[in-house]
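To keep things clear, I will list the structure first and then write my remarks on it.
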Amino acid sequence: MIEPGDGVAGALIAAMGAEEAWAIAVAADPTGASARVAAAGIDPRDLVRAHARWKPRLADAEPSVTLARRIGARLLVPGDPEWPARADDLGVHAPVALWVRGDVGVLASDAPAIAVVGARAATAYGTHAAAEIAGELASAGAAIVSGAAFGIDAAAHHAAVAVGGRGIAVLAGGVDKAYPAAHGELLGRIARSGAVISEVACGTAPTKWRFLQRNRLIAALSDATVVVEAGWRSGSLNTAGHAAALGRPLGAVPGPITSAASAGCHRVLREYDGSCITCADDVRELIGWSSTDAAATALSSEQADRTDDRTRVLDALSTRSPRSIAEVARRSGMSEQDALAHAALLDLDGRARRDDRGWRRV
């Protein structure tokens, strides 16, 4: 019956509980509850205006529930074990319920959740940066939150799914229909490992207003928001504004100063006190997440070794033909003693192996 973020409905539920608020909402004349409403700090005139916009939708409730049952969607409400506590930070503008396809457990998980958002008309630079950051964070155990739109959102979701990570796609319409339609397969893959969610009931069409309201939920469900690429007036800045208002850490990926596609990111850095994000480690630092899991540790080790002597030895090895340590030393330009030491460390890392014929790269 209500639009996402309806403050009158939120205040009514907070003051009286969901059941009594529902009774007032469906009453033929809400003025009978004016005294109780006023005592709860709600202007009775606001309630009358709200009631006028709620009542025409009462007939839509039952068909929406029937459609949700048909597609196997789950309805979450505050108090459910899987309810995302982060969403309650929105106060009276918090969602009163969430419709979910997929694993509802991801919403209440203690693992970090990172929003990766940006422009629909993204450049190759932006999609590459989004995929790299989202993929590394997802492989380390973070849930990637985004809006399933074209461009940056899609790049972040695709990267999370590709590494076997979990994602949360927040839709502006009902979870029964993919929007955009071209992302039907992507949303299906997200639902298999994560969750596709919406505040609005099944059968509800996405609108510009609902996209803007959807953005506040993306910010609320995340421990930090990263804007990868955005124009000067991009909708992603709306998400950034909600994150800042909630006191959530906020970052942006810088781009060329000549690129209009990065102008919004530079606004985040300058006007929203955002942090400069260049890699996944910057995001971890943003939320104080010490990456101790095996995947992230291996990744950090590999990055640290990219330009050291161990890399020289690794480059001197072949994946097919075993080579003697003398040959490895010659190819890497090192002494045999140093080449052997680094080869042994590569063996410990699982990136090189030795047999009777010599050393080879794994």
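Chain labels follow the order of the structure tokens: the first chain is A, the next B, and so on; residue numbering restarts at 1 in every chain, and ligands are counted from 1 in their shown order.
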
**Request:** Assign secondary structure with DSSP using the backbone only, and return the residues of stretch 92-139 of chain A in strand (DSSP E) as a list in words.
**Result:** Leu98, Trp99, Val100, Arg101, Gly102, Ala113, Ile114, Ala115, Val116, Val117 and Gly118 of chain A

Output the selection as a tab-separated table (two decimals), in the first residue's frame - C-alpha atoms for each residue.
```
chain	number	residue	atom	x	y	z
A	98	LEU	CA	11.50	-6.89	2.07
A	99	TRP	CA	10.61	-9.30	-0.72
A	100	VAL	CA	13.49	-11.69	-1.36
A	101	ARG	CA	14.46	-14.23	-4.00
A	102	GLY	CA	17.44	-16.38	-3.10
A	113	ALA	CA	28.81	-5.80	2.67
A	114	ILE	CA	30.16	-3.29	0.16
A	115	ALA	CA	28.05	-1.22	-2.24
A	116	VAL	CA	29.71	-0.78	-5.64
A	117	VAL	CA	27.73	1.69	-7.73
A	118	GLY	CA	28.20	3.95	-10.72
```

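By chain and then residue number, the residues within 10 Å of A:Gly126 are A:Gly118, A:Ala119, A:Glu132, A:Gly151, A:Ile152, A:Ala155, A:Val227, A:Val228, A:Glu229, A:Ala230, A:Val253, A:Pro254, A:Gly255, A:Ala261, A:Ser262, counting only C-alpha atoms and disregarding those fewer than 6 positions away in sequence.
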
**Message:** Using only C-alpha atoms, which protein or nucleic acid residues come within 9 Å of A:Thr225? Drop anything in the same chain fewer than 5 positions from it, and give the result as JSON, numbers by chain.
**Reply:** {"A": [114, 115, 116, 117, 145, 218, 219, 239, 240, 243, 248, 249, 250, 251, 252, 283]}

Write the residues you've just listed into a file as a compact mmCIF listing (two decimals), in the first residue's frame, and include C-alpha atoms for each of them.
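After the write, result-v8.txt holds the following:
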```
# COMPACT_ATOMS: atom_id res chain seq x y z
CA ILE A 114 30.16 -3.29 0.16
CA ALA A 115 28.05 -1.22 -2.24
CA VAL A 116 29.71 -0.78 -5.64
CA VAL A 117 27.73 1.69 -7.73
CA VAL A 145 25.58 -4.76 -3.04
CA ILE A 218 21.65 0.16 -1.12
CA ALA A 219 23.54 2.59 1.11
CA THR A 239 23.40 6.81 -3.14
CA ALA A 240 26.57 8.58 -1.96
CA ALA A 243 25.67 6.84 2.70
CA ARG A 248 28.70 5.09 6.40
CA PRO A 249 32.25 5.18 4.97
CA LEU A 250 32.23 6.54 1.44
CA GLY A 251 34.82 6.30 -1.32
CA ALA A 252 35.22 7.02 -5.00
CA VAL A 283 38.08 -0.48 0.64
```

**Request:** Write out as a ChimeraX atom specification each polymer residue whose atoms come within 9 Å of A:Asp281, counting only C-alpha atoms; drop sequence neighbours fewer than 3 positions from it.
**Result:** /A:133,136-137,277-278,284-286,291,300

So that I can see what lies close to A:Gly5, please list as an mmCIF file with C-alpha atoms, in the first residue's frame the residues with an atom at most 8 Å from it, counting only C-alpha atoms and leaving out residues fewer than 3 positions away in the same chain.
```cif
data_model
loop_
_atom_site.group_PDB
_atom_site.id
_atom_site.type_symbol
_atom_site.label_atom_id
_atom_site.label_comp_id
_atom_site.auth_asym_id
_atom_site.auth_seq_id
_atom_site.Cartn_x
_atom_site.Cartn_y
_atom_site.Cartn_z
ATOM 1 C CA GLY A 10 7.172 4.489 9.338
ATOM 2 C CA VAL A 92 11.088 6.056 10.055
ATOM 3 C CA HIS A 93 12.206 5.747 6.429
ATOM 4 C CA ALA A 94 13.355 2.143 6.931
ATOM 5 C CA PRO A 95 11.621 -0.566 4.876
ATOM 6 C CA GLN A 213 14.333 5.401 -2.990
#
```

**Asked** Can you tell me how far atom CA of A:Leu237 sits from atom CA of A:Tyr125, in Å to one decimal?
**Response**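 So the answer is 18.9 Å.
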
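The list of residues with at least one atom within 8 Å of A:Ser318, based on only C-alpha atoms and without residues fewer than 5 positions apart in the same chain, reads Arg323, Arg360 and Arg361 of chain A.
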
Output all heavy atoms for every residue in that selection, as a compact mmCIF listing (two decimals), in the first residue's frame.
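Written out: out10.txt:
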```txt
# COMPACT_ATOMS: atom_id res chain seq x y z
N ARG A 323 63.19 -27.68 -15.71
CA ARG A 323 64.48 -27.05 -15.96
C ARG A 323 65.37 -27.18 -14.74
O ARG A 323 64.90 -27.11 -13.59
CB ARG A 323 64.30 -25.57 -16.32
CG ARG A 323 63.65 -25.38 -17.68
CD ARG A 323 63.30 -23.93 -17.96
NE ARG A 323 62.71 -23.79 -19.29
CZ ARG A 323 62.06 -22.73 -19.73
NH1 ARG A 323 61.88 -21.69 -18.92
NH2 ARG A 323 61.57 -22.69 -20.96
N ARG A 360 59.64 -26.96 -12.45
CA ARG A 360 58.68 -26.45 -13.42
C ARG A 360 57.65 -25.59 -12.71
O ARG A 360 57.43 -25.68 -11.49
CB ARG A 360 57.97 -27.58 -14.16
CG ARG A 360 57.08 -28.45 -13.31
CD ARG A 360 56.42 -29.55 -14.13
NE ARG A 360 55.53 -30.37 -13.29
CZ ARG A 360 54.28 -30.05 -12.99
NH1 ARG A 360 53.77 -28.93 -13.45
NH2 ARG A 360 53.57 -30.84 -12.22
N ARG A 361 57.04 -24.71 -13.50
CA ARG A 361 56.01 -23.80 -12.97
C ARG A 361 54.67 -24.51 -12.91
O ARG A 361 54.30 -25.23 -13.82
CB ARG A 361 55.93 -22.58 -13.90
CG ARG A 361 54.96 -21.52 -13.45
CD ARG A 361 55.08 -20.32 -14.37
NE ARG A 361 54.18 -19.24 -14.01
CZ ARG A 361 54.23 -18.03 -14.49
NH1 ARG A 361 55.16 -17.73 -15.39
NH2 ARG A 361 53.37 -17.10 -14.12
```

**Item:** A:His183, A:Arg69, A:Arg166, A:Arg86 ranked by distance to A:Gly135, top pick (using only C-alpha atoms)
**Value:**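 Nearest candidate to A:Gly135 out of A:His183, A:Arg69, A:Arg166, A:Arg86: A:Arg166.
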
**Request:** Could you check which of A:Val268, A:Ala263, A:Ala352, A:Leu221 is closest to A:Leu90, using only C-alpha atoms?
**Result:**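 For A:Leu90, the nearest of the given residues is A:Leu221.
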
**Message:** Can you measure atom CA of A:Arg331 to atom CA of A:Asp347 for me? One decimal in Å is fine.
**Reply:**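 Interatomic distance here is 18.3 Å.
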